[in-house]
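Okay, data_13.txt now, which holds compact mmCIF, C-alpha atoms:
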# COMPACT_ATOMS: atom_id res chain seq x y z
CA GLN A 1 -10.45 -6.96 -14.52
CA GLN A 2 -10.42 -9.13 -11.43
CA LYS A 3 -13.61 -8.95 -9.36
CA VAL A 4 -13.80 -10.31 -5.83
CA GLN A 5 -17.00 -11.12 -3.94
CA GLN A 6 -17.44 -12.42 -0.43
CA SER A 7 -20.25 -14.33 1.19
CA PRO A 8 -22.06 -14.28 3.44
CA GLU A 9 -22.24 -10.59 4.24
CA SER A 10 -22.74 -11.43 7.89
CA LEU A 11 -22.31 -14.65 9.87
CA THR A 12 -23.08 -15.56 13.47
CA VAL A 13 -21.49 -18.69 14.91
CA SER A 14 -21.47 -20.14 18.39
CA GLU A 15 -18.17 -20.26 20.25
CA GLY A 16 -16.34 -23.48 19.44
CA ALA A 17 -18.23 -24.24 16.21
CA MET A 18 -16.40 -24.04 12.89
CA ALA A 19 -16.81 -20.74 11.01
CA SER A 20 -16.56 -20.84 7.20
CA LEU A 21 -16.25 -17.79 4.97
CA ASN A 22 -16.27 -17.70 1.18
CA CYS A 23 -14.61 -15.60 -1.50
CA THR A 24 -15.11 -15.91 -5.26
CA PHE A 25 -13.05 -14.19 -7.91
CA SER A 26 -13.42 -13.75 -11.65
CA ASP A 27 -9.89 -14.38 -12.98
CA GLY A 28 -8.35 -17.76 -12.22
CA THR A 29 -4.87 -16.76 -13.38
CA SER A 30 -4.14 -14.90 -10.11
CA ASN A 31 -1.90 -16.80 -7.73
CA ASN A 32 -1.77 -14.58 -4.68
CA PHE A 33 -4.64 -14.73 -2.19
CA ARG A 34 -4.84 -13.44 1.35
CA TRP A 35 -7.31 -13.30 4.16
CA TYR A 36 -7.20 -10.28 6.46
CA ARG A 37 -9.12 -9.52 9.62
CA GLN A 38 -10.22 -6.12 10.88
CA HIS A 39 -11.41 -5.56 14.42
CA SER A 40 -13.61 -2.56 15.01
CA ALA A 41 -11.70 0.74 14.73
CA LYS A 42 -8.44 -1.06 14.02
CA GLY A 43 -6.27 -1.73 11.01
CA LEU A 44 -6.14 -4.97 9.06
CA GLU A 45 -4.04 -7.95 10.10
CA VAL A 46 -3.12 -10.77 7.73
CA LEU A 47 -4.30 -14.24 8.74
CA VAL A 48 -3.36 -16.56 5.89
CA SER A 49 -1.60 -16.15 2.54
CA ILE A 50 -2.04 -18.86 -0.09
CA PHE A 51 -0.34 -19.06 -3.47
CA SER A 52 -1.31 -22.47 -4.90
CA ASP A 53 -4.35 -24.71 -5.02
CA GLY A 54 -4.97 -26.71 -1.89
CA GLU A 55 -4.90 -25.91 1.77
CA LYS A 56 -2.80 -23.60 3.95
CA GLU A 57 -3.06 -23.61 7.73
CA GLU A 58 -1.96 -20.88 10.13
CA GLY A 59 -2.92 -21.85 13.66
CA ARG A 60 -6.73 -22.00 13.87
CA PHE A 61 -7.12 -20.46 10.42
CA THR A 62 -7.16 -22.59 7.25
CA ALA A 63 -7.52 -21.31 3.70
CA HIS A 64 -8.63 -23.53 0.83
CA LEU A 65 -7.92 -22.39 -2.73
CA ASN A 66 -9.49 -23.86 -5.85
CA ARG A 67 -8.65 -21.69 -8.82
CA ALA A 68 -10.57 -23.87 -11.28
CA ASN A 69 -13.72 -23.10 -9.27
CA LEU A 70 -12.65 -19.47 -8.74
CA HIS A 71 -13.04 -19.94 -5.01
CA VAL A 72 -11.03 -19.42 -1.86
CA SER A 73 -12.43 -20.06 1.59
CA LEU A 74 -11.37 -19.42 5.17
CA HIS A 75 -12.21 -21.80 7.99
CA ILE A 76 -11.78 -20.83 11.61
CA ARG A 77 -11.46 -23.71 14.04
CA GLU A 78 -12.79 -23.28 17.60
CA PRO A 79 -13.66 -19.60 17.16
CA GLN A 80 -13.78 -17.38 20.23
CA PRO A 81 -15.64 -14.13 20.88
CA SER A 82 -12.35 -12.27 20.25
CA ASP A 83 -12.51 -13.54 16.65
CA SER A 84 -15.55 -11.33 16.07
CA ALA A 85 -14.44 -8.95 13.33
CA VAL A 86 -14.76 -8.19 9.62
CA TYR A 87 -12.88 -10.67 7.42
CA LEU A 88 -11.58 -9.46 4.07
CA CYS A 89 -10.40 -11.46 1.10
CA ALA A 90 -7.72 -9.90 -1.14
CA VAL A 91 -6.51 -11.10 -4.54
CA SER A 92 -3.37 -9.89 -6.28
CA PRO A 93 -3.10 -10.30 -10.04
CA ASP A 94 0.22 -11.84 -10.99
CA SER A 95 3.18 -9.41 -10.85
CA ASN A 96 0.90 -6.53 -9.94
CA TYR A 97 1.04 -4.54 -6.71
CA GLN A 98 -2.67 -3.78 -6.89
CA LEU A 99 -4.73 -5.81 -4.43
CA ILE A 100 -8.38 -6.37 -5.32
CA TRP A 101 -10.46 -6.48 -2.13
CA GLY A 102 -13.75 -8.14 -1.30
CA SER A 103 -16.36 -6.18 0.62
CA GLY A 104 -15.94 -8.30 3.75
CA THR A 105 -17.86 -10.70 5.95
CA LYS A 106 -18.86 -9.55 9.40
CA LEU A 107 -18.34 -12.48 11.75
CA ILE A 108 -19.93 -12.57 15.20
CA ILE A 109 -18.97 -15.32 17.64
CA LYS A 110 -21.59 -15.86 20.34
CA PRO A 111 -20.35 -17.03 23.75
CA ASP B 112 8.75 -4.49 16.60
CA ALA B 113 7.12 -1.20 15.64
CA GLY B 114 4.29 -1.67 13.21
CA VAL B 115 2.79 1.00 10.98
CA THR B 116 2.00 4.15 12.96
CA GLN B 117 -0.68 6.57 11.86
CA THR B 118 -1.55 9.93 13.37
CA PRO B 119 -3.90 11.37 14.32
CA ARG B 120 -6.38 8.59 15.16
CA HIS B 121 -9.30 10.95 14.68
CA GLU B 122 -9.62 14.20 12.75
CA VAL B 123 -12.58 16.53 12.45
CA ALA B 124 -12.45 19.19 9.76
CA GLU B 125 -14.74 21.87 8.42
CA LYS B 126 -15.58 21.73 4.72
CA GLY B 127 -12.86 23.51 2.74
CA GLN B 128 -10.07 22.99 5.27
CA THR B 129 -6.73 21.38 4.52
CA ILE B 130 -5.82 18.35 6.56
CA ILE B 131 -2.64 16.31 6.66
CA LEU B 132 -2.54 12.71 7.77
CA LYS B 133 0.74 11.09 8.77
CA CYS B 134 2.17 7.58 8.46
CA GLU B 135 5.36 5.88 9.61
CA PRO B 136 5.85 2.52 7.84
CA VAL B 137 7.50 -0.55 9.28
CA SER B 138 11.25 0.02 9.35
CA GLY B 139 12.94 -1.52 6.31
CA HIS B 140 9.79 -1.73 4.22
CA ASN B 141 10.09 -0.46 0.65
CA ASP B 142 6.44 -0.18 -0.39
CA LEU B 143 3.90 2.19 1.15
CA PHE B 144 0.19 2.40 0.39
CA TRP B 145 -2.58 4.83 1.30
CA TYR B 146 -6.14 3.47 1.23
CA ARG B 147 -9.52 4.98 1.93
CA GLN B 148 -12.13 2.76 3.54
CA THR B 149 -15.87 3.38 3.56
CA LYS B 150 -18.83 1.06 4.16
CA ILE B 151 -20.14 1.60 0.63
CA GLN B 152 -16.94 1.47 -1.45
CA GLY B 153 -14.80 -0.71 0.80
CA LEU B 154 -11.03 -0.28 0.39
CA GLU B 155 -9.91 2.09 -2.35
CA LEU B 156 -6.25 2.64 -3.23
CA LEU B 157 -5.23 6.30 -3.10
CA SER B 158 -1.46 6.16 -3.57
CA TYR B 159 1.40 3.69 -3.81
CA PHE B 160 5.11 4.37 -3.31
CA ARG B 161 7.99 2.05 -4.05
CA SER B 162 11.31 3.08 -2.53
CA LYS B 163 9.90 6.62 -2.06
CA SER B 164 8.91 6.94 -5.74
CA LEU B 165 5.23 7.52 -6.47
CA MET B 166 3.99 4.59 -8.57
CA GLU B 167 0.23 5.16 -8.35
CA ASP B 168 -1.40 8.51 -7.76
CA GLY B 169 -4.97 7.38 -7.29
CA GLY B 170 -6.64 8.31 -10.57
CA ALA B 171 -9.97 9.77 -9.52
CA PHE B 172 -8.49 11.02 -6.27
CA LYS B 173 -5.77 13.11 -7.91
CA ASP B 174 -7.32 16.53 -7.76
CA ARG B 175 -7.66 17.05 -4.01
CA PHE B 176 -5.53 14.25 -2.60
CA LYS B 177 -1.76 14.38 -2.52
CA ALA B 178 0.51 11.83 -0.91
CA GLU B 179 4.18 12.45 -0.34
CA MET B 180 7.02 10.37 0.98
CA LEU B 181 9.62 12.72 2.38
CA ASN B 182 11.93 9.92 3.44
CA SER B 183 11.78 6.16 3.75
CA SER B 184 10.26 6.37 7.22
CA PHE B 185 7.56 9.03 6.84
CA SER B 186 4.66 9.75 4.52
CA THR B 187 1.85 12.29 4.49
CA LEU B 188 -1.53 12.42 2.81
CA LYS B 189 -2.89 15.91 2.24
CA ILE B 190 -6.54 16.51 1.41
CA GLN B 191 -7.18 20.02 0.14
CA PRO B 192 -9.88 21.27 0.24
CA THR B 193 -11.85 18.74 2.26
CA GLU B 194 -15.44 17.88 1.40
CA PRO B 195 -18.05 16.02 3.50
CA LYS B 196 -17.80 13.05 1.11
CA ASP B 197 -14.18 12.62 2.22
CA SER B 198 -15.41 11.37 5.61
CA ALA B 199 -13.89 7.90 5.89
CA VAL B 200 -11.14 5.89 7.51
CA TYR B 201 -7.75 6.43 5.90
CA LEU B 202 -5.39 3.48 6.19
CA CYS B 203 -1.67 3.37 5.59
CA ALA B 204 0.08 0.07 4.87
CA SER B 205 3.63 -1.00 4.12
CA SER B 206 5.37 -4.09 2.81
CA LEU B 207 8.84 -5.30 1.93
CA GLY B 208 7.94 -4.97 -1.73
CA GLY B 209 6.49 -7.00 -4.56
CA SER B 210 3.07 -8.49 -5.09
CA ALA B 211 3.94 -11.58 -3.06
CA GLU B 212 4.59 -9.60 0.07
CA THR B 213 2.12 -9.13 2.90
CA LEU B 214 0.78 -5.67 3.64
CA TYR B 215 0.98 -4.47 7.23
CA PHE B 216 -1.61 -1.88 8.16
CA GLY B 217 -1.77 0.96 10.64
CA SER B 218 -4.84 1.50 12.82
CA GLY B 219 -6.09 4.24 10.53
CA THR B 220 -7.25 7.84 10.84
CA ARG B 221 -10.98 8.39 11.05
CA LEU B 222 -11.76 11.66 9.25
CA THR B 223 -15.04 13.48 9.69
CA VAL B 224 -15.71 16.49 7.47
CA LEU B 225 -18.58 18.69 8.59
As structure tokens, please, write out the structure in this file.
Amino acid sequence: QQKVQQSPESLTVSEGAMASLNCTFSDGTSNNFRWYRQHSAKGLEVLVSIFSDGEKEEGRFTAHLNRANLHVSLHIREPQPSDSAVYLCAVSPDSNYQLIWGSGTKLIIKP
Amino acid sequence: DAGVTQTPRHEVAEKGQTIILKCEPVSGHNDLFWYRQTKIQGLELLSYFRSKSLMEDGGAFKDRFKAEMLNSSFSTLKIQPTEPKDSAVYLCASSLGGSAETLYFGSGTRLTVL
């Protein structure tokens, strides 16, 4: 069964510096990967969805997928204090509604 | 555009009580999910509906948790009887349908069971 792990558990970055978050998974046959963000006491909002190896950019958010290395990353360009939140990686096995979630990375952006 | 609406935002219950959480999905969405979120376990799927039909009833959660979808625009999650270990944030999400579709989440209900 697909297992998803995120690192680091917590990350502090200065405003304007690149923030990079990592997600590893155990089954490289999945082709549906998403990054979500959750602000304190709020629901989750999707940031980037990526379905094939390579890069996908959505505004300041870029996901990199390398299924051979069982790795998907999220890079946040010019992060602001309002980007401080928990970032969650989710993987969907092919043709399966069930999302497998990572435990999250708590990102803090210092002014 | 109305997103997913969950009520109440906060609920406090005594052990043994019955509580009902409510969710209105995004209009036109076919899939609806109930999740429980805790610091230790993260996100756990409780129930999944497709076009109002229950597709996943949560396995280990079956005995005290019951989700219903009365119509395409309203769902409830009943916990009966509540236990202190049920204290968590309960999230409802909806999507157009299919594994390739994005889930849209409500703000959640924070449940505290004393």
Long-range neighbours of A:Val91 as a count of residues only, 12 Å cut-off, all atoms listed in the file, 5 positions minimum in chain: 38
For atom CA of B:Ala178 and atom CA of B:Ile130, the interatomic separation in Å (one decimal): 11.8 Å
Residue with smallest distance to chain A - pool B:Ser158, B:Thr223, B:Ser138, B:Thr193, counting all atoms listed in the file: B:Ser158
Straight-line distance linking atom CA of A:Glu57 with atom CA of B:Leu214, stated in Å to one decimal: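 Rounded to one decimal, the two atoms are 18.8 Å apart.
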Nearest-residue call for chain B, choices A:Pro93, A:Thr12, A:Ser82, A:Ser7, using all atoms listed in the file: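 Under the stated criterion, the closest residue is A:Pro93.
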Neighbour list for stretch 203-207 of chain B as a list in words, cut-off 9 Å, all atoms listed in the file, skip fewer than 5 positions in-chain: Gly43 of chain A; Val115, Thr116, Gln117, Lys133, Cys134, Glu135, Pro136, Val137, Gly139, His140, Asn141, Asp142, Leu143, Phe144, Trp145, Tyr146, Arg147, Glu212, Thr213, Leu214, Tyr215, Phe216, Gly217, Ser218, Gly219 and Thr220 of chain B
Just-selected residues, C-alpha atoms written as a compact mmCIF listing (two decimals), keeping the file's coordinate frame:
# COMPACT_ATOMS: atom_id res chain seq x y z
CA GLY A 43 -6.27 -1.73 11.01
CA VAL B 115 2.79 1.00 10.98
CA THR B 116 2.00 4.15 12.96
CA GLN B 117 -0.68 6.57 11.86
CA LYS B 133 0.74 11.09 8.77
CA CYS B 134 2.17 7.58 8.46
CA GLU B 135 5.36 5.88 9.61
CA PRO B 136 5.85 2.52 7.84
CA VAL B 137 7.50 -0.55 9.28
CA GLY B 139 12.94 -1.52 6.31
CA HIS B 140 9.79 -1.73 4.22
CA ASN B 141 10.09 -0.46 0.65
CA ASP B 142 6.44 -0.18 -0.39
CA LEU B 143 3.90 2.19 1.15
CA PHE B 144 0.19 2.40 0.39
CA TRP B 145 -2.58 4.83 1.30
CA TYR B 146 -6.14 3.47 1.23
CA ARG B 147 -9.52 4.98 1.93
CA GLU B 212 4.59 -9.60 0.07
CA THR B 213 2.12 -9.13 2.90
CA LEU B 214 0.78 -5.67 3.64
CA TYR B 215 0.98 -4.47 7.23
CA PHE B 216 -1.61 -1.88 8.16
CA GLY B 217 -1.77 0.96 10.64
CA SER B 218 -4.84 1.50 12.82
CA GLY B 219 -6.09 4.24 10.53
CA THR B 220 -7.25 7.84 10.84
Among the residues B:Leu154, B:Leu225, B:Leu188, B:Ala199, the one that comes closest to A:Ala90 [using all atoms listed in the file]: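 Between B:Leu154, B:Leu225, B:Leu188, B:Ala199, the residue approaching A:Ala90 most closely is B:Leu154.
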Among listed residues A:Gly54, A:Gly16, A:Gly59, A:Pro8, nearest A:Pro111 (using only C-alpha atoms): A:Gly16
Straight-line distance linking atom CA of B:Pro192 with atom CA of B:Val123, stated in Å to one decimal: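 Straight-line distance from atom CA of B:Pro192 to atom CA of B:Val123 works out to 13.4 Å.
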Close residues, A:Ser14 itself excluded, 8 Å, all atoms listed in the file, min 6 positions apart in chain, as number ranges by chain: A: 79, 109-111
Filled-in all heavy atoms of stretch 178-189 of chain B, supplied as a PDB file, in the coordinates of the input:
ATOM      1  N   ALA B 178      -0.344  12.568  -1.843  1.00  0.00           N
ATOM      2  CA  ALA B 178       0.510  11.830  -0.910  1.00  0.00           C
ATOM      3  C   ALA B 178       1.955  12.129  -1.230  1.00  0.00           C
ATOM      4  O   ALA B 178       2.320  12.293  -2.388  1.00  0.00           O
ATOM      5  CB  ALA B 178       0.236  10.330  -1.007  1.00  0.00           C
ATOM      6  N   GLU B 179       2.741  12.226  -0.176  1.00  0.00           N
ATOM      7  CA  GLU B 179       4.180  12.450  -0.340  1.00  0.00           C
ATOM      8  C   GLU B 179       4.940  11.515   0.572  1.00  0.00           C
ATOM      9  O   GLU B 179       4.458  11.140   1.630  1.00  0.00           O
ATOM     10  CB  GLU B 179       4.540  13.897   0.005  1.00  0.00           C
ATOM     11  CG  GLU B 179       4.034  14.910  -0.994  1.00  0.00           C
ATOM     12  CD  GLU B 179       4.525  16.315  -0.693  1.00  0.00           C
ATOM     13  OE1 GLU B 179       4.424  16.729   0.477  1.00  0.00           O
ATOM     14  OE2 GLU B 179       5.005  16.989  -1.617  1.00  0.00           O
ATOM     15  N   MET B 180       6.153  11.181   0.134  1.00  0.00           N
ATOM     16  CA  MET B 180       7.020  10.370   0.980  1.00  0.00           C
ATOM     17  C   MET B 180       8.329  11.118   1.097  1.00  0.00           C
ATOM     18  O   MET B 180       9.164  11.093   0.193  1.00  0.00           O
ATOM     19  CB  MET B 180       7.220   8.992   0.369  1.00  0.00           C
ATOM     20  CG  MET B 180       7.768   8.029   1.344  1.00  0.00           C
ATOM     21  SD  MET B 180       7.162   6.374   1.102  1.00  0.00           S
ATOM     22  CE  MET B 180       7.859   5.632   2.579  1.00  0.00           C
ATOM     23  N   LEU B 181       8.487  11.821   2.208  1.00  0.00           N
ATOM     24  CA  LEU B 181       9.620  12.720   2.380  1.00  0.00           C
ATOM     25  C   LEU B 181      10.913  11.950   2.612  1.00  0.00           C
ATOM     26  O   LEU B 181      11.992  12.370   2.217  1.00  0.00           O
ATOM     27  CB  LEU B 181       9.339  13.670   3.537  1.00  0.00           C
ATOM     28  CG  LEU B 181       8.007  14.431   3.387  1.00  0.00           C
ATOM     29  CD1 LEU B 181       7.765  15.324   4.582  1.00  0.00           C
ATOM     30  CD2 LEU B 181       7.993  15.240   2.107  1.00  0.00           C
ATOM     31  N   ASN B 182      10.798  10.819   3.285  1.00  0.00           N
ATOM     32  CA  ASN B 182      11.930   9.920   3.440  1.00  0.00           C
ATOM     33  C   ASN B 182      11.378   8.518   3.617  1.00  0.00           C
ATOM     34  O   ASN B 182      10.153   8.329   3.629  1.00  0.00           O
ATOM     35  CB  ASN B 182      12.836  10.342   4.606  1.00  0.00           C
ATOM     36  CG  ASN B 182      12.076  10.440   5.915  1.00  0.00           C
ATOM     37  OD1 ASN B 182      11.427   9.472   6.326  1.00  0.00           O
ATOM     38  ND2 ASN B 182      12.138  11.591   6.551  1.00  0.00           N
ATOM     39  N   SER B 183      12.232   7.549   3.743  1.00  0.00           N
ATOM     40  CA  SER B 183      11.780   6.160   3.750  1.00  0.00           C
ATOM     41  C   SER B 183      10.971   5.800   4.993  1.00  0.00           C
ATOM     42  O   SER B 183      10.366   4.744   5.057  1.00  0.00           O
ATOM     43  CB  SER B 183      12.976   5.208   3.646  1.00  0.00           C
ATOM     44  OG  SER B 183      13.844   5.411   4.733  1.00  0.00           O
ATOM     45  N   SER B 184      10.945   6.707   5.979  1.00  0.00           N
ATOM     46  CA  SER B 184      10.260   6.370   7.220  1.00  0.00           C
ATOM     47  C   SER B 184       9.090   7.307   7.531  1.00  0.00           C
ATOM     48  O   SER B 184       8.580   7.321   8.649  1.00  0.00           O
ATOM     49  CB  SER B 184      11.252   6.384   8.392  1.00  0.00           C
ATOM     50  OG  SER B 184      11.881   7.636   8.484  1.00  0.00           O
ATOM     51  N   PHE B 185       8.636   8.085   6.544  1.00  0.00           N
ATOM     52  CA  PHE B 185       7.560   9.030   6.840  1.00  0.00           C
ATOM     53  C   PHE B 185       6.822   9.406   5.555  1.00  0.00           C
ATOM     54  O   PHE B 185       7.436   9.725   4.537  1.00  0.00           O
ATOM     55  CB  PHE B 185       8.147  10.287   7.496  1.00  0.00           C
ATOM     56  CG  PHE B 185       7.105  11.270   7.962  1.00  0.00           C
ATOM     57  CD1 PHE B 185       6.298  10.971   9.048  1.00  0.00           C
ATOM     58  CD2 PHE B 185       6.941  12.490   7.325  1.00  0.00           C
ATOM     59  CE1 PHE B 185       5.336  11.865   9.496  1.00  0.00           C
ATOM     60  CE2 PHE B 185       5.984  13.399   7.767  1.00  0.00           C
ATOM     61  CZ  PHE B 185       5.180  13.085   8.856  1.00  0.00           C
ATOM     62  N   SER B 186       5.493   9.362   5.651  1.00  0.00           N
ATOM     63  CA  SER B 186       4.660   9.750   4.520  1.00  0.00           C
ATOM     64  C   SER B 186       3.503  10.595   5.017  1.00  0.00           C
ATOM     65  O   SER B 186       3.062  10.457   6.170  1.00  0.00           O
ATOM     66  CB  SER B 186       4.125   8.515   3.796  1.00  0.00           C
ATOM     67  OG  SER B 186       3.254   8.880   2.741  1.00  0.00           O
ATOM     68  N   THR B 187       3.019  11.482   4.158  1.00  0.00           N
ATOM     69  CA  THR B 187       1.850  12.290   4.490  1.00  0.00           C
ATOM     70  C   THR B 187       0.826  12.166   3.369  1.00  0.00           C
ATOM     71  O   THR B 187       1.163  11.921   2.210  1.00  0.00           O
ATOM     72  CB  THR B 187       2.214  13.774   4.667  1.00  0.00           C
ATOM     73  OG1 THR B 187       2.817  14.244   3.465  1.00  0.00           O
ATOM     74  CG2 THR B 187       3.151  13.982   5.845  1.00  0.00           C
ATOM     75  N   LEU B 188      -0.428  12.340   3.771  1.00  0.00           N
ATOM     76  CA  LEU B 188      -1.530  12.420   2.810  1.00  0.00           C
ATOM     77  C   LEU B 188      -2.250  13.732   3.085  1.00  0.00           C
ATOM     78  O   LEU B 188      -2.781  13.927   4.183  1.00  0.00           O
ATOM     79  CB  LEU B 188      -2.490  11.245   2.980  1.00  0.00           C
ATOM     80  CG  LEU B 188      -3.741  11.287   2.096  1.00  0.00           C
ATOM     81  CD1 LEU B 188      -3.370  11.136   0.613  1.00  0.00           C
ATOM     82  CD2 LEU B 188      -4.727  10.172   2.489  1.00  0.00           C
ATOM     83  N   LYS B 189      -2.236  14.610   2.103  1.00  0.00           N
ATOM     84  CA  LYS B 189      -2.890  15.910   2.240  1.00  0.00           C
ATOM     85  C   LYS B 189      -4.194  15.895   1.460  1.00  0.00           C
ATOM     86  O   LYS B 189      -4.228  15.448   0.295  1.00  0.00           O
ATOM     87  CB  LYS B 189      -1.990  17.030   1.711  1.00  0.00           C
ATOM     88  CG  LYS B 189      -2.594  18.427   1.876  1.00  0.00           C
ATOM     89  CD  LYS B 189      -1.860  19.473   1.058  1.00  0.00           C
ATOM     90  CE  LYS B 189      -0.555  19.843   1.658  1.00  0.00           C
ATOM     91  NZ  LYS B 189       0.065  21.002   0.953  1.00  0.00           N
TER      92      LYS B 189
END
